[in-house]
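Containing compact mmCIF, N, CA and C atoms: upload.txt.
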# COMPACT_ATOMS: atom_id res chain seq x y z
N MET A 1 6.93 -14.90 7.33
CA MET A 1 6.42 -13.55 7.43
C MET A 1 7.18 -12.79 8.51
N PRO A 2 7.50 -11.55 8.24
CA PRO A 2 8.19 -10.76 9.27
C PRO A 2 7.22 -10.41 10.41
N PRO A 3 7.73 -10.18 11.59
CA PRO A 3 6.86 -9.71 12.68
C PRO A 3 6.30 -8.33 12.33
N TYR A 4 5.05 -8.10 12.69
CA TYR A 4 4.44 -6.82 12.34
C TYR A 4 5.19 -5.65 12.96
N LYS A 5 5.82 -5.86 14.12
CA LYS A 5 6.56 -4.76 14.75
C LYS A 5 7.77 -4.34 13.91
N VAL A 6 8.35 -5.28 13.17
CA VAL A 6 9.46 -4.94 12.27
C VAL A 6 8.94 -4.08 11.12
N ILE A 7 7.78 -4.45 10.58
CA ILE A 7 7.18 -3.65 9.51
C ILE A 7 6.83 -2.26 10.04
N CYS A 8 6.28 -2.19 11.26
CA CYS A 8 5.94 -0.89 11.85
C CYS A 8 7.17 0.02 11.90
N GLY A 9 8.34 -0.57 12.11
CA GLY A 9 9.57 0.21 12.12
C GLY A 9 9.86 0.89 10.80
N ALA A 10 9.31 0.36 9.71
CA ALA A 10 9.51 0.97 8.38
C ALA A 10 8.45 2.02 8.05
N LEU A 11 7.42 2.13 8.89
CA LEU A 11 6.38 3.13 8.68
C LEU A 11 6.71 4.36 9.53
N GLU A 12 7.70 5.09 9.06
CA GLU A 12 8.27 6.19 9.83
C GLU A 12 7.36 7.40 9.88
N ASP A 13 7.66 8.28 10.86
CA ASP A 13 7.01 9.59 10.91
C ASP A 13 7.36 10.34 9.62
N GLN A 14 6.43 11.19 9.18
CA GLN A 14 6.66 12.00 7.99
C GLN A 14 6.54 13.47 8.36
N SER A 15 7.52 14.26 7.95
CA SER A 15 7.57 15.68 8.28
C SER A 15 6.27 16.38 7.88
N GLY A 16 5.69 17.13 8.83
CA GLY A 16 4.47 17.89 8.56
C GLY A 16 3.19 17.11 8.76
N TRP A 17 3.31 15.82 9.03
CA TRP A 17 2.13 14.97 9.22
C TRP A 17 2.09 14.46 10.66
N ARG A 18 0.88 14.36 11.21
CA ARG A 18 0.70 13.77 12.53
C ARG A 18 0.43 12.28 12.34
N ALA A 19 1.21 11.44 12.99
CA ALA A 19 1.11 9.99 12.81
C ALA A 19 0.56 9.34 14.08
N GLU A 20 -0.37 8.44 13.89
CA GLU A 20 -0.89 7.62 14.99
C GLU A 20 0.10 6.48 15.24
N PRO A 21 0.02 5.83 16.40
CA PRO A 21 0.87 4.66 16.62
C PRO A 21 0.57 3.56 15.61
N CYS A 22 1.58 2.83 15.26
CA CYS A 22 1.43 1.71 14.31
C CYS A 22 0.84 0.52 15.05
N GLU A 23 -0.09 -0.16 14.39
CA GLU A 23 -0.71 -1.36 14.94
C GLU A 23 -0.56 -2.49 13.92
N GLY A 24 -0.67 -3.72 14.39
CA GLY A 24 -0.55 -4.82 13.45
C GLY A 24 -0.91 -6.15 14.06
N MET A 25 -0.64 -7.20 13.27
CA MET A 25 -0.99 -8.55 13.69
C MET A 25 -0.22 -9.56 12.83
N ASN A 26 0.23 -10.63 13.46
CA ASN A 26 0.74 -11.80 12.75
C ASN A 26 -0.23 -12.94 12.98
N MET A 27 -0.47 -13.74 11.95
CA MET A 27 -1.34 -14.90 12.08
C MET A 27 -0.66 -16.10 11.42
N GLN A 28 -0.56 -17.17 12.18
CA GLN A 28 0.00 -18.41 11.64
C GLN A 28 -1.05 -19.51 11.72
N GLY A 29 -0.92 -20.45 10.79
CA GLY A 29 -1.76 -21.64 10.83
C GLY A 29 -3.16 -21.46 10.27
N SER A 30 -3.44 -20.35 9.62
CA SER A 30 -4.77 -20.19 9.03
C SER A 30 -4.85 -21.02 7.76
N PRO A 31 -6.06 -21.38 7.30
CA PRO A 31 -6.19 -22.15 6.06
C PRO A 31 -5.56 -21.44 4.84
N MET A 32 -5.45 -20.12 4.92
CA MET A 32 -4.86 -19.35 3.81
C MET A 32 -3.36 -19.14 4.01
N GLY A 33 -2.77 -19.76 5.00
CA GLY A 33 -1.34 -19.61 5.24
C GLY A 33 -1.05 -18.49 6.21
N ASP A 34 0.23 -18.24 6.42
CA ASP A 34 0.65 -17.19 7.35
C ASP A 34 0.33 -15.82 6.76
N MET A 35 -0.02 -14.88 7.64
CA MET A 35 -0.35 -13.53 7.21
C MET A 35 0.20 -12.52 8.21
N VAL A 36 0.41 -11.31 7.73
CA VAL A 36 0.84 -10.22 8.59
C VAL A 36 0.20 -8.93 8.09
N THR A 37 -0.16 -8.06 9.02
CA THR A 37 -0.62 -6.72 8.67
C THR A 37 0.02 -5.72 9.62
N ALA A 38 0.31 -4.56 9.11
CA ALA A 38 0.77 -3.43 9.92
C ALA A 38 0.12 -2.19 9.32
N ASN A 39 -0.41 -1.32 10.18
CA ASN A 39 -1.04 -0.12 9.64
C ASN A 39 -0.78 1.08 10.54
N ARG A 40 -0.76 2.23 9.89
CA ARG A 40 -0.52 3.49 10.58
C ARG A 40 -1.25 4.59 9.83
N SER A 41 -1.89 5.48 10.57
CA SER A 41 -2.64 6.59 9.96
C SER A 41 -1.87 7.89 10.12
N TYR A 42 -1.96 8.73 9.10
CA TYR A 42 -1.29 10.03 9.07
C TYR A 42 -2.33 11.09 8.72
N THR A 43 -2.28 12.24 9.40
CA THR A 43 -3.19 13.33 9.09
C THR A 43 -2.41 14.64 8.98
N LYS A 44 -2.95 15.53 8.14
CA LYS A 44 -2.38 16.87 7.95
C LYS A 44 -3.56 17.77 7.57
N GLY A 45 -4.03 18.57 8.53
CA GLY A 45 -5.25 19.35 8.29
C GLY A 45 -6.41 18.39 8.08
N ASN A 46 -7.14 18.56 6.97
CA ASN A 46 -8.25 17.65 6.69
C ASN A 46 -7.84 16.46 5.81
N LYS A 47 -6.57 16.37 5.48
CA LYS A 47 -6.07 15.25 4.67
C LYS A 47 -5.75 14.06 5.57
N LYS A 48 -6.07 12.87 5.09
CA LYS A 48 -5.78 11.67 5.86
C LYS A 48 -5.29 10.57 4.93
N ILE A 49 -4.26 9.86 5.39
CA ILE A 49 -3.75 8.70 4.66
C ILE A 49 -3.59 7.55 5.65
N ASP A 50 -4.23 6.43 5.33
CA ASP A 50 -4.06 5.20 6.10
C ASP A 50 -3.10 4.32 5.32
N VAL A 51 -1.99 3.96 5.94
CA VAL A 51 -0.97 3.14 5.30
C VAL A 51 -1.03 1.73 5.89
N MET A 52 -1.13 0.75 5.02
CA MET A 52 -1.15 -0.65 5.46
C MET A 52 -0.12 -1.44 4.67
N VAL A 53 0.56 -2.33 5.35
CA VAL A 53 1.40 -3.32 4.69
C VAL A 53 0.76 -4.67 5.01
N ILE A 54 0.45 -5.42 3.96
CA ILE A 54 -0.24 -6.70 4.11
C ILE A 54 0.59 -7.76 3.43
N GLY A 55 0.91 -8.82 4.16
CA GLY A 55 1.68 -9.92 3.61
C GLY A 55 0.90 -11.22 3.70
N GLY A 56 1.06 -12.08 2.71
CA GLY A 56 0.36 -13.36 2.68
C GLY A 56 -0.68 -13.37 1.57
N MET A 57 -1.51 -14.40 1.59
CA MET A 57 -2.50 -14.59 0.54
C MET A 57 -3.46 -13.41 0.40
N ASN A 58 -3.84 -12.78 1.51
CA ASN A 58 -4.79 -11.67 1.42
C ASN A 58 -4.21 -10.45 0.70
N ALA A 59 -2.90 -10.39 0.53
CA ALA A 59 -2.29 -9.29 -0.23
C ALA A 59 -2.76 -9.30 -1.67
N MET A 60 -2.96 -10.49 -2.23
CA MET A 60 -3.39 -10.59 -3.63
C MET A 60 -4.75 -9.93 -3.85
N GLY A 61 -5.62 -9.96 -2.85
CA GLY A 61 -6.92 -9.33 -2.99
C GLY A 61 -6.83 -7.82 -3.20
N TYR A 62 -5.84 -7.20 -2.59
CA TYR A 62 -5.65 -5.76 -2.78
C TYR A 62 -5.06 -5.44 -4.15
N TRP A 63 -4.32 -6.38 -4.71
CA TRP A 63 -3.68 -6.15 -5.99
C TRP A 63 -4.57 -6.57 -7.16
N ALA A 64 -5.54 -7.46 -6.92
CA ALA A 64 -6.37 -8.03 -7.98
C ALA A 64 -7.00 -6.99 -8.92
N PRO A 65 -7.53 -5.87 -8.42
CA PRO A 65 -8.16 -4.92 -9.36
C PRO A 65 -7.20 -4.36 -10.40
N PHE A 66 -5.91 -4.43 -10.15
CA PHE A 66 -4.94 -3.85 -11.08
C PHE A 66 -4.31 -4.88 -12.02
N GLN A 67 -4.53 -6.18 -11.75
CA GLN A 67 -3.86 -7.22 -12.54
C GLN A 67 -4.28 -7.24 -14.00
N ALA A 68 -5.48 -6.79 -14.29
CA ALA A 68 -5.95 -6.78 -15.68
C ALA A 68 -5.31 -5.65 -16.48
N ASN A 69 -4.58 -4.76 -15.80
CA ASN A 69 -3.92 -3.61 -16.44
C ASN A 69 -4.93 -2.69 -17.13
N MET A 70 -6.15 -2.63 -16.58
CA MET A 70 -7.19 -1.76 -17.13
C MET A 70 -6.94 -0.33 -16.66
N GLN A 71 -7.04 0.61 -17.58
CA GLN A 71 -6.86 2.02 -17.26
C GLN A 71 -8.17 2.73 -17.54
N VAL A 72 -8.58 3.61 -16.63
CA VAL A 72 -9.84 4.34 -16.75
C VAL A 72 -9.58 5.81 -16.46
N ASP A 73 -10.15 6.68 -17.27
CA ASP A 73 -10.15 8.10 -16.96
C ASP A 73 -11.50 8.65 -17.39
N SER A 74 -12.35 8.93 -16.43
CA SER A 74 -13.69 9.47 -16.70
C SER A 74 -13.90 10.68 -15.80
N SER A 75 -15.09 11.28 -15.89
CA SER A 75 -15.38 12.43 -15.03
C SER A 75 -15.49 12.00 -13.56
N GLU A 76 -15.70 10.70 -13.33
CA GLU A 76 -15.88 10.18 -11.97
C GLU A 76 -14.62 9.55 -11.38
N GLN A 77 -13.86 8.84 -12.23
CA GLN A 77 -12.83 7.96 -11.70
C GLN A 77 -11.57 7.97 -12.57
N PHE A 78 -10.46 7.67 -11.90
CA PHE A 78 -9.18 7.52 -12.58
C PHE A 78 -8.54 6.25 -12.04
N VAL A 79 -8.17 5.32 -12.91
CA VAL A 79 -7.49 4.09 -12.52
C VAL A 79 -6.31 3.90 -13.45
N LYS A 80 -5.15 3.63 -12.86
CA LYS A 80 -3.94 3.51 -13.67
C LYS A 80 -3.01 2.49 -13.04
N LEU A 81 -2.31 1.76 -13.87
CA LEU A 81 -1.24 0.87 -13.43
C LEU A 81 0.05 1.41 -14.04
N THR A 82 1.07 1.55 -13.21
CA THR A 82 2.34 2.11 -13.68
C THR A 82 3.49 1.41 -12.98
N GLN A 83 4.69 1.74 -13.39
CA GLN A 83 5.90 1.23 -12.71
C GLN A 83 6.68 2.42 -12.18
N ILE A 84 7.08 2.31 -10.91
CA ILE A 84 7.88 3.34 -10.27
C ILE A 84 9.00 2.65 -9.52
N LYS A 85 10.23 3.05 -9.79
CA LYS A 85 11.40 2.48 -9.12
C LYS A 85 11.42 0.94 -9.22
N GLY A 86 10.92 0.40 -10.32
CA GLY A 86 10.92 -1.05 -10.52
C GLY A 86 9.77 -1.78 -9.86
N PHE A 87 8.83 -1.06 -9.24
CA PHE A 87 7.68 -1.67 -8.57
C PHE A 87 6.41 -1.40 -9.38
N ASN A 88 5.53 -2.40 -9.42
CA ASN A 88 4.21 -2.19 -10.00
C ASN A 88 3.38 -1.39 -9.00
N VAL A 89 2.75 -0.32 -9.50
CA VAL A 89 1.97 0.57 -8.66
C VAL A 89 0.60 0.76 -9.30
N GLY A 90 -0.45 0.53 -8.51
CA GLY A 90 -1.81 0.76 -8.96
C GLY A 90 -2.37 2.00 -8.28
N ILE A 91 -3.08 2.82 -9.06
CA ILE A 91 -3.68 4.04 -8.55
C ILE A 91 -5.17 4.01 -8.87
N SER A 92 -5.98 4.25 -7.87
CA SER A 92 -7.43 4.33 -8.03
C SER A 92 -7.90 5.61 -7.35
N TYR A 93 -8.64 6.45 -8.08
CA TYR A 93 -9.00 7.76 -7.55
C TYR A 93 -10.45 8.08 -7.90
N GLU A 94 -11.21 8.44 -6.88
CA GLU A 94 -12.59 8.92 -7.07
C GLU A 94 -12.52 10.45 -7.10
N LYS A 95 -12.72 11.03 -8.27
CA LYS A 95 -12.47 12.46 -8.47
C LYS A 95 -13.37 13.37 -7.62
N LYS A 96 -14.65 13.10 -7.58
CA LYS A 96 -15.56 13.99 -6.85
C LYS A 96 -15.36 13.91 -5.34
N GLN A 97 -15.02 12.72 -4.82
CA GLN A 97 -14.79 12.55 -3.39
C GLN A 97 -13.37 12.93 -2.98
N LYS A 98 -12.48 13.13 -3.96
CA LYS A 98 -11.07 13.40 -3.69
C LYS A 98 -10.49 12.34 -2.74
N SER A 99 -10.73 11.08 -3.09
CA SER A 99 -10.24 9.97 -2.28
C SER A 99 -9.87 8.80 -3.19
N GLY A 100 -9.09 7.88 -2.64
CA GLY A 100 -8.71 6.72 -3.43
C GLY A 100 -7.62 5.92 -2.75
N GLY A 101 -6.88 5.21 -3.57
CA GLY A 101 -5.83 4.37 -3.04
C GLY A 101 -4.65 4.25 -3.99
N VAL A 102 -3.48 4.09 -3.41
CA VAL A 102 -2.26 3.78 -4.14
C VAL A 102 -1.77 2.45 -3.57
N VAL A 103 -1.53 1.47 -4.45
CA VAL A 103 -1.12 0.13 -4.01
C VAL A 103 0.20 -0.21 -4.68
N ILE A 104 1.19 -0.59 -3.87
CA ILE A 104 2.49 -1.04 -4.38
C ILE A 104 2.57 -2.54 -4.17
N ALA A 105 2.87 -3.26 -5.25
CA ALA A 105 2.97 -4.73 -5.17
C ALA A 105 4.42 -5.13 -4.94
N PHE A 106 4.61 -6.02 -3.97
CA PHE A 106 5.93 -6.59 -3.71
C PHE A 106 5.89 -8.03 -4.19
N GLU A 107 6.49 -8.26 -5.35
CA GLU A 107 6.46 -9.59 -5.96
C GLU A 107 7.51 -10.49 -5.37
N SER A 108 7.24 -11.78 -5.46
CA SER A 108 8.17 -12.80 -5.00
C SER A 108 9.31 -12.91 -6.00
N LYS A 109 10.53 -12.90 -5.52
CA LYS A 109 11.68 -13.10 -6.42
C LYS A 109 11.70 -14.54 -6.94
N ASP A 110 11.20 -15.49 -6.12
CA ASP A 110 11.19 -16.90 -6.52
C ASP A 110 10.12 -17.17 -7.57
N ALA A 111 9.02 -16.43 -7.53
CA ALA A 111 7.91 -16.65 -8.47
C ALA A 111 7.44 -15.29 -9.00
N PRO A 112 8.15 -14.75 -10.02
CA PRO A 112 7.76 -13.45 -10.57
C PRO A 112 6.29 -13.45 -10.99
N GLY A 113 5.62 -12.34 -10.72
CA GLY A 113 4.20 -12.24 -11.02
C GLY A 113 3.33 -12.63 -9.84
N THR A 114 3.93 -13.21 -8.80
CA THR A 114 3.19 -13.58 -7.60
C THR A 114 3.39 -12.49 -6.55
N THR A 115 2.30 -11.89 -6.12
CA THR A 115 2.36 -10.83 -5.14
C THR A 115 2.43 -11.43 -3.74
N ARG A 116 3.54 -11.20 -3.04
CA ARG A 116 3.73 -11.71 -1.67
C ARG A 116 3.22 -10.73 -0.63
N ALA A 117 3.27 -9.46 -0.98
CA ALA A 117 2.84 -8.42 -0.04
C ALA A 117 2.47 -7.17 -0.84
N VAL A 118 1.72 -6.30 -0.19
CA VAL A 118 1.37 -5.01 -0.79
C VAL A 118 1.51 -3.92 0.27
N MET A 119 1.73 -2.72 -0.20
CA MET A 119 1.68 -1.54 0.65
C MET A 119 0.56 -0.68 0.09
N VAL A 120 -0.42 -0.37 0.93
CA VAL A 120 -1.64 0.32 0.49
C VAL A 120 -1.71 1.68 1.17
N PHE A 121 -1.96 2.70 0.38
CA PHE A 121 -2.16 4.06 0.87
C PHE A 121 -3.58 4.48 0.52
N ASN A 122 -4.50 4.39 1.47
CA ASN A 122 -5.87 4.86 1.27
C ASN A 122 -5.94 6.31 1.74
N PHE A 123 -6.38 7.20 0.85
CA PHE A 123 -6.32 8.63 1.16
C PHE A 123 -7.67 9.32 0.97
N THR A 124 -7.87 10.38 1.73
CA THR A 124 -9.09 11.20 1.61
C THR A 124 -8.70 12.68 1.63
N ASN A 125 -9.51 13.47 0.96
CA ASN A 125 -9.36 14.93 0.89
C ASN A 125 -8.05 15.37 0.25
N MET A 126 -7.64 14.64 -0.77
CA MET A 126 -6.43 15.03 -1.51
C MET A 126 -6.42 14.38 -2.88
N GLY A 127 -5.61 14.91 -3.77
CA GLY A 127 -5.47 14.36 -5.11
C GLY A 127 -4.54 13.15 -5.12
N TRP A 128 -4.65 12.34 -6.18
CA TRP A 128 -3.84 11.12 -6.24
C TRP A 128 -2.36 11.43 -6.40
N ARG A 129 -2.02 12.51 -7.06
CA ARG A 129 -0.60 12.87 -7.22
C ARG A 129 0.05 13.18 -5.87
N ASP A 130 -0.70 13.91 -5.01
CA ASP A 130 -0.19 14.21 -3.67
C ASP A 130 -0.04 12.93 -2.85
N ALA A 131 -1.00 12.02 -2.98
CA ALA A 131 -0.92 10.74 -2.26
C ALA A 131 0.27 9.93 -2.75
N LEU A 132 0.52 9.95 -4.05
CA LEU A 132 1.67 9.22 -4.60
C LEU A 132 2.98 9.84 -4.11
N CYS A 133 3.05 11.16 -4.04
CA CYS A 133 4.26 11.81 -3.50
C CYS A 133 4.49 11.39 -2.06
N PHE A 134 3.41 11.30 -1.27
CA PHE A 134 3.52 10.84 0.11
C PHE A 134 4.04 9.41 0.14
N ALA A 135 3.49 8.56 -0.70
CA ALA A 135 3.90 7.14 -0.74
C ALA A 135 5.38 7.00 -1.06
N LYS A 136 5.88 7.85 -1.93
CA LYS A 136 7.29 7.77 -2.35
C LYS A 136 8.26 8.12 -1.23
N LYS A 137 7.77 8.70 -0.14
CA LYS A 137 8.64 9.04 0.99
C LYS A 137 9.09 7.81 1.77
N PHE A 138 8.41 6.68 1.55
CA PHE A 138 8.75 5.45 2.26
C PHE A 138 9.76 4.65 1.45
N ASP A 139 10.54 3.84 2.13
CA ASP A 139 11.57 3.02 1.49
C ASP A 139 10.94 1.69 1.05
N TRP A 140 10.43 1.66 -0.19
CA TRP A 140 9.73 0.48 -0.70
C TRP A 140 10.65 -0.73 -0.75
N GLU A 141 11.89 -0.52 -1.13
CA GLU A 141 12.84 -1.64 -1.23
C GLU A 141 13.07 -2.26 0.15
N LYS A 142 13.20 -1.44 1.17
CA LYS A 142 13.38 -1.93 2.52
C LYS A 142 12.20 -2.81 2.94
N ILE A 143 11.00 -2.37 2.62
CA ILE A 143 9.81 -3.15 2.98
C ILE A 143 9.75 -4.45 2.17
N ARG A 144 10.05 -4.37 0.88
CA ARG A 144 10.04 -5.57 0.04
C ARG A 144 10.99 -6.63 0.60
N ARG A 145 12.17 -6.20 1.03
CA ARG A 145 13.17 -7.13 1.56
C ARG A 145 12.68 -7.86 2.81
N LEU A 146 11.77 -7.26 3.56
CA LEU A 146 11.24 -7.92 4.76
C LEU A 146 10.48 -9.20 4.41
N PHE A 147 10.03 -9.32 3.18
CA PHE A 147 9.22 -10.46 2.76
C PHE A 147 10.01 -11.49 1.96
N HIS A 148 11.34 -11.39 1.95
CA HIS A 148 12.17 -12.35 1.21
C HIS A 148 13.25 -12.92 2.10

Take the structure in the file and write it out as C-alpha cells.
Amino acid sequence: MPPYKVICGALEDQSGWRAEPCEGMNMQGSPMGDMVTANRSYTKGNKKIDVMVIGGMNAMGYWAPFQANMQVDSSEQFVKLTQIKGFNVGISYEKKQKSGGVVIAFESKDAPGTTRAVMVFNFTNMGWRDALCFAKKFDWEKIRRLFH
C-alpha cells in the first residue's frame, strides 16, 4: 500500500473550490490485511464534496453496491454503473436531497475484477453530473498506479 501522504499529493487543489488539508492513515497487520485511506474535503458556496481514496479489503465494501450492475431511475433515486476513461464508475444520487456519491474502482492488473482501491466522491447540494465533472478533474490513472 502506498503511504497516505503520497495519495494526498494526488488530491490537488481545484480552481474555484476551497480545500481542507488532506488527512489519512496507513494500517498494517490487521486481520483484513494492509489498508490505506486519504481524504480531503472541498467546498464552493453551499456545495461540498468529500474525496476519499481507500485501498485494501475495505475498498470492496464501497464498490459492492455497484457490482450487480443494477441501474435505477425513479423519482427518488438514480443509480448507474458506467465506464469512463477505461475505469468502472458507479453513481448513486438521491434526487430530493441533491446528494450522493461517485465511486471509481481501481482494479488489480494481476486479478481483473478484483477491486484494490476506490476513489469516492460524496457530494451534497449539487447534481450528480456536476459531481462527476469535479471527479474528472483528478488524474485517475496516476492514483491507480499508486496501488500497483

Exercise for review: Record the distance separating atom C of Lys80 in chain A and atom C of Lys142 in chain A, expressed in Å with one decimal.
Suggested key: 22.7 Å

**Study point:** helix (DSSP H, G or I) positions in range 62-104 of chain A, given as a ChimeraX atom specification
**Key:** /A:62-67

Could you write out the selected residues, including N, CA and C atoms, as an mmCIF file, keeping the file's coordinate frame?
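Once written, part.cif looks like this:
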data_model
loop_
_atom_site.group_PDB
_atom_site.id
_atom_site.type_symbol
_atom_site.label_atom_id
_atom_site.label_comp_id
_atom_site.auth_asym_id
_atom_site.auth_seq_id
_atom_site.Cartn_x
_atom_site.Cartn_y
_atom_site.Cartn_z
ATOM 1 N N TYR A 62 -5.840 -7.200 -2.590
ATOM 2 C CA TYR A 62 -5.650 -5.760 -2.780
ATOM 3 C C TYR A 62 -5.060 -5.440 -4.150
ATOM 4 N N TRP A 63 -4.320 -6.380 -4.710
ATOM 5 C CA TRP A 63 -3.680 -6.150 -5.990
ATOM 6 C C TRP A 63 -4.570 -6.570 -7.160
ATOM 7 N N ALA A 64 -5.540 -7.460 -6.920
ATOM 8 C CA ALA A 64 -6.370 -8.030 -7.980
ATOM 9 C C ALA A 64 -7.000 -6.990 -8.920
ATOM 10 N N PRO A 65 -7.530 -5.870 -8.420
ATOM 11 C CA PRO A 65 -8.160 -4.920 -9.360
ATOM 12 C C PRO A 65 -7.200 -4.360 -10.400
ATOM 13 N N PHE A 66 -5.910 -4.430 -10.150
ATOM 14 C CA PHE A 66 -4.940 -3.850 -11.080
ATOM 15 C C PHE A 66 -4.310 -4.880 -12.020
ATOM 16 N N GLN A 67 -4.530 -6.180 -11.750
ATOM 17 C CA GLN A 67 -3.860 -7.220 -12.540
ATOM 18 C C GLN A 67 -4.280 -7.240 -14.000
#

Point to revise | Those in range 5-115 of chain A with strand (DSSP E) from DSSP, as a ChimeraX atom specification | key: /A:18-19,23-27,35-44,47-55,72-73,77-84,87-94,99-107,115

**Study point:** Given only N, CA and C atoms as the counted atoms, nearest of A:Tyr4, A:Tyr42, A:Phe78, A:Tyr62 to Val103 in chain A
**Key:**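 The closest residue to Val103 in chain A is A:Tyr62.
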
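Proximity ranking of A:Pro2, A:Gly56, A:Gly100, A:Pro65 relative to Gly33 in chain A places A:Gly56 first, based on only N, CA and C atoms.
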
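Here CA of Ala117 in chain A is placed at a distance of 13.0 Å from atom C of Asp139 in chain A.
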
Practice item. Kindly indicate which residue among A:Thr115, A:Ser15, A:Ser108, A:Ser41 lies nearest to Ala59 in chain A, using all atoms listed in the file for the distances. Key: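 Closest candidate: A:Thr115.
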
**Study point:** Nearest to Glu76 in chain A by atom-to-atom distance, counting only C-alpha atoms, from A:Arg129, A:Ser92, A:Ile49, A:Asn58
**Key:**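 Looking at the shortest contact to Glu76 in chain A, the residue is A:Ser92.
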
Review point. From the set A:Thr37, A:Met57, A:Ala135, A:Asn46, which residue has the shortest atom-to-atom contact distance to Arg116 in chain A, counting only N, CA and C atoms?
Key: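 Of the candidates, the smallest distance to Arg116 in chain A is held by A:Met57.
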
Review point. What is the distance, in Å and to one decimal place, between atom N of Ile7 in chain A and CA of Lys47 in chain A?
Key: 24.8 Å
